[in-house]
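S.K.: Can you read through this structure? Questions will come right after.
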Amino acid sequence: MKITVNGTEHDVTAEADTPLLWVLRDELGLMGTKYGCGIAQCGACTVHLDGFAARACQQPIGSLEGADVVTIEGLAGDGDTLHPVQQAWVETQVAQCGYCQSGQIMQAASLLADDPAPSDATIDATMSGNLCRCGTNVRIRQAIRLAADKMGA
Amino acid sequence: MSRLKTLSRRGFLIGTTVVGGAVVFGSYLVARPHDNPLADDVTDRQATFNPWVKIGPEGITLITPHADLGQGTTHMQAILLAEEMDLELDQFTTEFGEPAAAYYNRGFAAEGAAVMAALTPLEAATVRGPMGAALKVAGIQGTGGSTAAADSFEKLRQAGASARETLKLAASGRAGIAVDQLTTERGAVVLPDGTRLAYTDLAAEAGALEPVQDVPLRPSADWRLVGQPTERLDILDKSTGRTVYGIDLVAEGMVHATVVTNPRRGEMLGYDAAAALDMPGVEGVVEVTNGLAVLADSTWRAFKAARAITFNWGPAPYHTEQADHWAEVAASFTDDRLNATWRDDGDAGAAGGDDIIEAEYRAPYVAHQPLEPLNALVTVTDEAVEIATGHQLPRFVQSIAAGITGHDPDQVRFDNQYAGGSFGHRLEFEHIKRACEIANQRRGTPIKLTYTREEDFAQDFPRHIAMARGRGAVAQGEVRALDLQIAGAPVFASQGSRLGAAAGGPDNQLGAGAYSAPYALPDFRVRGYAVPNLAPVSSWRSVGASVGGFFLETFLDELIHAAGADPVAERLRLIDDPVARDVLSAAAEMAGWGRDPGPNRGLGVALVRSFGVDVAEIAEVEQTEQGLKIHKVWAVADPGPVIDPVNIENHIQGGVVWGMGHAMSCEITYADGMAQQSNYHQHAGMRLRQTPEIAVRVLQNRARIAGIGEPPVPPAPPALANAIFAATGTRLREMPFNKSVTFA
Ligand code: FES
Ligand code: FES
């Protein structure tokens, strides 16, 4: 069973019903993708699956043969650069505990890839599946607007 | 055995002890000096000046012992040290430090079990009561009750100043130049000719000196870091997925575990794990208190196997049905359940006449459920116990673990971690206990315990349930009397009982957020009633004030409307304190109070003093066709001197989201003795689409510094309820509000 994660192909051994989330964390040691609920309610596990935001806790590895996965660790590509969404997250100082933020950033990056100038309503609708228990909601919105500006500029 | 302990204890009264050729300084000024925990580890090329600063040739480490649950405490502590040390933010690393008495939380001591800014005699009785007794163990290295800033504000600047002056003394010795000719900047002592001697080069020499004590602190006008917007030290890692939380820890040879324990919190009468034991990767099951742990070679395999076990659970040691919880609370407004009278100005009981208003309010159980599930990495060997996870009370973790494994507390090493939130959840010890129970049965094997979200919900000790009965009088357009009775589960008694403290005594959280109100009402009484037989409860962000503030500020709003007065003007008339007056006035000014908000719109205000901090919030809501929409919230707080303005704004916004989000839609209810809510689909808090704009202003009139983690929470529910009343005429007297109204 082969999947590509952040540009590297991996042979994974977990049984077919294992969610991608746990393959990433326990088998590949990529800890940036978080477990929050396991039932698609929090978005902490959000990754990009073949270019689209997906909840890794809902993707049985058996259905992902040949899939291309990008996690928070691979979002910016190589080196020390940050993705514009990450830059905006740093500048806005969004994080409190930070636990939800990998998922928030992955969701936001996917949103902006689809819609470089999202309306407030689109931001709210797209990001409402990502739960921040610390309540950084206002800054998440602000950072997405800032990232949209950066990417448009 | 600590080498230091074999040396002179005098060392830490005045500050010098020789250890392995280097010198350890103890310049810290805690009420009771404690051994410097860093002294055990320093090599002969390093120096430690006090429990917060460690310098060696390879770099500078600042120790930030207050747990970081997302409140930015690591950064806050580091900039206080760096300010006086003349360090820039990129010149040091931080560590949480080990559990040690030297990190005694003076905030806890001064504020009394982390709850009060100024002790009244009755509040002091609370501290002497259940929770206080439990906490009054020498050297409580605790984080909670919004005390971290108060604890650190002077202590850490003094520690930084002492280290700086000692390094200057070392430079003076080396260069033969008087200390007053030397300056410091960017981690170096600068000689008059511009030569820079890096602190890291001076460490060994500085270590041979008596540390310089009682250094005057710099005035706020000279601060470079404190009070300025700075980039939080952890922000980059938290924006790149690099922060390591407890749940991310791995150890060589570790075995994964998850637990299933009685959701009724009673005994486990029996189980059948045969199917689970046949599943791939499952290494076994072990019994723990009231349940079972499954051991496996991955988290997922442990989770999956846990679901395959069937259990026979014993009964709950409290009412099994929610309706009976409410009935017990409703039956508790009696003299024999009167816990304490927290405020009794004038003669509120005598109020009579025509303009008497009475109302009853309810606040439900609510879960903490920070986004990182409970977890712990524990290894027990015959010689030692090693525990790593995020926790607010490291010293208790040590003693509780030792009690389970039979070790001496000194043999328990606790490695604190960044936590994915807490809100009071990580003041509890269930996960620590379960992990220690498992690891003790598998000595030598590192056990990585991860809770499923469902187990975390089931075992969460929620915010206490409470009811209030208000009786008030209005006359000639003014509120004249307010009598509030609050009956609820006593939080500190419940929490204290799990720490082995005797129950009983006044529990000020039954009146918090209400009796502390800065109003000079002529007749004003607040009484608390302790309700037995309820589910065990715990401190939930802002504790008693999270319900007391709602009760008082919505009832007061009812009285003000009954009097025909303006909610802001009447509160301002009643306020007897200039700090609170400025807070409320500023909020009113920001919100444009008094303007016509337009059809179907309304503004509501609330002002609550909790943890000594006044916070006013004004919400603007609209009744739309889809339901109620919160457009904007204005929040003003006065916590005194500000250390980190960006973080304060973030936390006030977060407090509004937390307080309003739970008031809108969250409750824990019991059926058959079990919490009926098992995951975020039933208890999420505020989603982004429901989130208003939140404008924040911070005033600094309060003389003493106070924390800001909790005080923004209590005014949020009443501001929202009062705004909904203004917009719709519907008076909300029970949380969560979605029981009676619909939100868009
Ligand atoms: S862990 Fe996948 S959505 Fe919560
Ligand atoms: S920052 Fe803590 S959950 Fe979002």
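Order determines the names: the first chain of the structure tokens is A, the second B, and so forth; residues in each chain are numbered 1 upward, and ligands are numbered 1 upward as they are shown.
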Could you give me, as a PyMOL selection string, every polymer residue with an atom at most 7 Å away from an atom of ligand 1, counting only C-alpha atoms and all ligand atoms?
M.R.: chain A and resi 34-46+55-58
S.K.: Residues within 9 Å of ligand 2 should be enumerated using only C-alpha atoms and all ligand atoms and returned as an MDAnalysis selection string.
M.R.: (chainID A and resid 44 94:101 104 130:137) or (chainID B and resid 69:70 238 370:372 419:422)
S.K.: With DSSP run on the backbone, what are the strand (DSSP E) residues within range 3-148 of chain A? I'd like them as an MDAnalysis selection string.
M.R.: chainID A and resid 3:5 8:11 46:49 52:55 68:70
S.K.: Keeping only N, CA and C atoms, write those residues as a PDB file, in the first residue's frame.
M.R.:
```
ATOM      1  N   ILE A   3       1.436   5.409  -0.438  1.00  0.00           N
ATOM      2  CA  ILE A   3       0.901   6.764  -0.550  1.00  0.00           C
ATOM      3  C   ILE A   3       2.077   7.734  -0.591  1.00  0.00           C
ATOM      4  N   THR A   4       1.796   8.886  -1.161  1.00  0.00           N
ATOM      5  CA  THR A   4       2.823   9.932  -1.189  1.00  0.00           C
ATOM      6  C   THR A   4       2.455  10.986  -0.153  1.00  0.00           C
ATOM      7  N   VAL A   5       3.386  11.261   0.730  1.00  0.00           N
ATOM      8  CA  VAL A   5       3.140  12.276   1.752  1.00  0.00           C
ATOM      9  C   VAL A   5       4.226  13.337   1.658  1.00  0.00           C
ATOM     10  N   THR A   8       7.052  12.540  -0.660  1.00  0.00           N
ATOM     11  CA  THR A   8       7.819  11.308  -0.506  1.00  0.00           C
ATOM     12  C   THR A   8       6.875  10.115  -0.515  1.00  0.00           C
ATOM     13  N   GLU A   9       7.251   9.097  -1.294  1.00  0.00           N
ATOM     14  CA  GLU A   9       6.386   7.917  -1.340  1.00  0.00           C
ATOM     15  C   GLU A   9       6.676   7.012  -0.141  1.00  0.00           C
ATOM     16  N   HIS A  10       5.624   6.522   0.470  1.00  0.00           N
ATOM     17  CA  HIS A  10       5.775   5.626   1.624  1.00  0.00           C
ATOM     18  C   HIS A  10       5.016   4.340   1.368  1.00  0.00           C
ATOM     19  N   ASP A  11       5.588   3.247   1.866  1.00  0.00           N
ATOM     20  CA  ASP A  11       4.910   1.967   1.900  1.00  0.00           C
ATOM     21  C   ASP A  11       4.328   1.835   3.285  1.00  0.00           C
ATOM     22  N   THR A  46      -7.053  18.083   9.646  1.00  0.00           N
ATOM     23  CA  THR A  46      -7.177  18.440   8.226  1.00  0.00           C
ATOM     24  C   THR A  46      -5.842  18.373   7.481  1.00  0.00           C
ATOM     25  N   VAL A  47      -5.853  17.683   6.350  1.00  0.00           N
ATOM     26  CA  VAL A  47      -4.692  17.607   5.453  1.00  0.00           C
ATOM     27  C   VAL A  47      -5.194  17.898   4.034  1.00  0.00           C
ATOM     28  N   HIS A  48      -4.281  17.950   3.101  1.00  0.00           N
ATOM     29  CA  HIS A  48      -4.696  18.045   1.694  1.00  0.00           C
ATOM     30  C   HIS A  48      -4.560  16.668   1.061  1.00  0.00           C
ATOM     31  N   LEU A  49      -5.650  16.221   0.480  1.00  0.00           N
ATOM     32  CA  LEU A  49      -5.680  14.900  -0.153  1.00  0.00           C
ATOM     33  C   LEU A  49      -5.945  15.137  -1.634  1.00  0.00           C
ATOM     34  N   PHE A  52      -7.192  18.630  -2.143  1.00  0.00           N
ATOM     35  CA  PHE A  52      -8.361  19.167  -1.442  1.00  0.00           C
ATOM     36  C   PHE A  52      -8.251  18.934   0.064  1.00  0.00           C
ATOM     37  N   ALA A  53      -8.807  19.870   0.820  1.00  0.00           N
ATOM     38  CA  ALA A  53      -8.797  19.695   2.274  1.00  0.00           C
ATOM     39  C   ALA A  53      -9.646  18.483   2.636  1.00  0.00           C
ATOM     40  N   ALA A  54      -9.117  17.642   3.505  1.00  0.00           N
ATOM     41  CA  ALA A  54      -9.864  16.452   3.933  1.00  0.00           C
ATOM     42  C   ALA A  54      -9.556  16.174   5.397  1.00  0.00           C
ATOM     43  N   ARG A  55     -10.529  15.564   6.081  1.00  0.00           N
ATOM     44  CA  ARG A  55     -10.318  15.184   7.475  1.00  0.00           C
ATOM     45  C   ARG A  55      -9.613  13.833   7.501  1.00  0.00           C
ATOM     46  N   ASP A  68      -2.047  11.353  -2.971  1.00  0.00           N
ATOM     47  CA  ASP A  68      -1.034  12.368  -2.715  1.00  0.00           C
ATOM     48  C   ASP A  68      -1.498  13.208  -1.520  1.00  0.00           C
ATOM     49  N   VAL A  69      -0.770  13.113  -0.432  1.00  0.00           N
ATOM     50  CA  VAL A  69      -1.169  13.775   0.812  1.00  0.00           C
ATOM     51  C   VAL A  69      -0.168  14.879   1.142  1.00  0.00           C
ATOM     52  N   VAL A  70      -0.702  16.033   1.512  1.00  0.00           N
ATOM     53  CA  VAL A  70       0.171  17.089   2.035  1.00  0.00           C
ATOM     54  C   VAL A  70      -0.293  17.410   3.449  1.00  0.00           C
TER      55      VAL A  70
END
```
S.K.: So the first atom is CA of Phe457 in chain B and the second is CA of His391 in chain B; what is the distance between them in Å, to one decimal place?
M.R.: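 Between these atoms lies a distance of 17.9 Å.
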S.K.: Using only C-alpha atoms, can you tell me which of A:Gln59, A:Thr18, A:Thr13, A:Ser110 comes closest to chain B?
M.R.: A:Thr18
S.K.: Please determine, counting only C-alpha atoms, which residue among B:Ala188, B:Leu62, B:Met268, B:Ile235 has the shortest atom-to-atom distance to chain A.
M.R.: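 Closest to chain A, using only C-alpha atoms: B:Ile235.
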S.K.: For chain B against chain A, with a cut-off of 8 Å and counting only C-alpha atoms, what is the closest atom pair and its distance in Å to one decimal for every residue that makes the cut, ordered by chain and number, as CSV?
M.R.:
```
residue,atom,partner,partner_atom,distance
B:Asp68,CA,A:Cys97,CA,7.8
B:Leu69,CA,A:Cys97,CA,5.8
B:Gly70,CA,A:Cys97,CA,3.4
B:Gln71,CA,A:Gln96,CA,6.1
B:Gly72,CA,A:Gln96,CA,6.9
B:Glu231,CA,A:Gln93,CA,7.3
B:Arg232,CA,A:Gln93,CA,7.4
B:Ile235,CA,A:Val90,CA,6.1
B:Leu236,CA,A:Val90,CA,6.0
B:Lys238,CA,A:Gly98,CA,5.1
B:Ser239,CA,A:Gln86,CA,5.8
B:Thr240,CA,A:Ile72,CA,6.3
B:Gly241,CA,A:Gly32,CA,4.2
B:Arg242,CA,A:Gly32,CA,6.2
B:Thr243,CA,A:Gly32,CA,7.8
B:Val244,CA,A:Met31,CA,7.9
B:Asp248,CA,A:Met31,CA,5.9
B:Ser298,CA,A:Asp26,CA,6.3
B:Thr299,CA,A:Trp22,CA,7.2
B:Trp300,CA,A:Trp22,CA,6.3
B:Gln369,CA,A:Arg133,CA,7.9
B:Pro370,CA,A:Arg133,CA,6.0
B:Leu371,CA,A:Gly36,CA,5.5
B:Glu372,CA,A:Gly36,CA,6.1
B:Pro373,CA,A:Gly36,CA,6.7
B:Tyr418,CA,A:Cys97,CA,7.7
B:Ala419,CA,A:Cys97,CA,6.6
B:Gly420,CA,A:Tyr99,CA,5.0
B:Gly421,CA,A:Cys97,CA,5.4
B:Thr452,CA,A:Cys37,CA,7.7
B:Arg453,CA,A:Cys37,CA,5.4
B:Val646,CA,A:Gln93,CA,7.7
B:Asn650,CA,A:Thr136,CA,6.8
B:His651,CA,A:Gln96,CA,8.0
B:Gln653,CA,A:Gly135,CA,7.0
B:Gly654,CA,A:Gly135,CA,4.1
B:Gly655,CA,A:Gly135,CA,7.1
B:Val656,CA,A:Gly135,CA,7.9
B:Val657,CA,A:Gly135,CA,5.2
B:Trp658,CA,A:Gly135,CA,6.1
B:Asn679,CA,A:Cys37,CA,6.7
B:Tyr680,CA,A:Gln41,CA,6.1
B:His681,CA,A:Gln41,CA,6.1
B:Ala684,CA,A:Leu131,CA,7.4
B:Gly685,CA,A:Arg133,CA,7.2
B:Met686,CA,A:Gly135,CA,7.7
B:Arg687,CA,A:Ser128,CA,5.3
B:Leu688,CA,A:Ser128,CA,4.9
B:Arg689,CA,A:Asp124,CA,4.5
B:Thr691,CA,A:Asn137,CA,6.8
B:Pro692,CA,A:Val138,CA,7.7
B:Glu693,CA,A:Val138,CA,6.6
B:Ile694,CA,A:Val138,CA,7.0
```
S.K.: I'd like the contact shell of range 428-435 of chain B - 7 Å cut-off, only C-alpha atoms, skipping same-chain residues fewer than 6 positions apart - returned as an NGL selection string.
M.R.: :B and (288 or 374-376 or 378 or 401 or 449)
S.K.: Name all residues at most 10 Å from Arg343 in chain B (count only C-alpha atoms; drop same-chain ones fewer than 5 positions away) and give them as a list in words.
M.R.: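 Near neighbours after the sequence-gap exclusion: Leu122, Asp483, Leu484, Gly511, Ala514, Tyr515, Ser516, Ala517, Asp523, Phe524, Arg525, Val526, Arg527 and Gly528 of chain B.
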S.K.: Can you tell me, as a list in words, which residues in range 16-54 of chain A count as helix (DSSP H, G or I) by DSSP?
M.R.: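 Answer for range 16-54 of chain A restricted to helix (DSSP H, G or I) is Leu20, Leu21, Trp22, Val23, Leu24, Arg25, Asp26 and Glu27 of chain A.
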S.K.: For range 537-540 of chain B, please output as a PyMOL selection string all residues within 6 Å (counting only C-alpha atoms; exclusion window: fewer than 5 positions along the same chain).
M.R.: chain B and resi 423-424+461-464+491+494-495
S.K.: Find the spatial neighbours of range 63-67 of chain A, counting only C-alpha atoms, within a cut-off of 6 Å - ignore same-chain residues fewer than 2 positions away - and output them as a list in words.
M.R.: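 Using only C-alpha atoms, the neighbours found are Met1, Lys2, Ile3, Pro60 and Ile61 of chain A.
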S.K.: The selected residues should be written to file as a compact mmCIF listing (two decimals), in the first residue's frame (atoms: N, CA, C and O atoms).
M.R.:
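For reference, again19.txt as written:
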```
# COMPACT_ATOMS: atom_id res chain seq x y z
N MET A 1 0.86 -1.20 0.00
CA MET A 1 0.00 0.00 0.00
C MET A 1 0.89 1.24 0.00
O MET A 1 1.63 1.48 0.97
N LYS A 2 0.84 1.99 -1.09
CA LYS A 2 1.72 3.15 -1.22
C LYS A 2 0.93 4.45 -1.21
O LYS A 2 -0.11 4.56 -1.86
N ILE A 3 1.44 5.41 -0.44
CA ILE A 3 0.90 6.76 -0.55
C ILE A 3 2.08 7.73 -0.59
O ILE A 3 3.17 7.42 -0.11
N PRO A 60 -10.02 6.08 5.54
CA PRO A 60 -9.36 4.80 5.77
C PRO A 60 -8.21 4.63 4.79
O PRO A 60 -8.36 4.90 3.59
N ILE A 61 -7.09 4.20 5.30
CA ILE A 61 -5.90 4.15 4.47
C ILE A 61 -6.10 3.21 3.27
O ILE A 61 -5.55 3.45 2.20
```
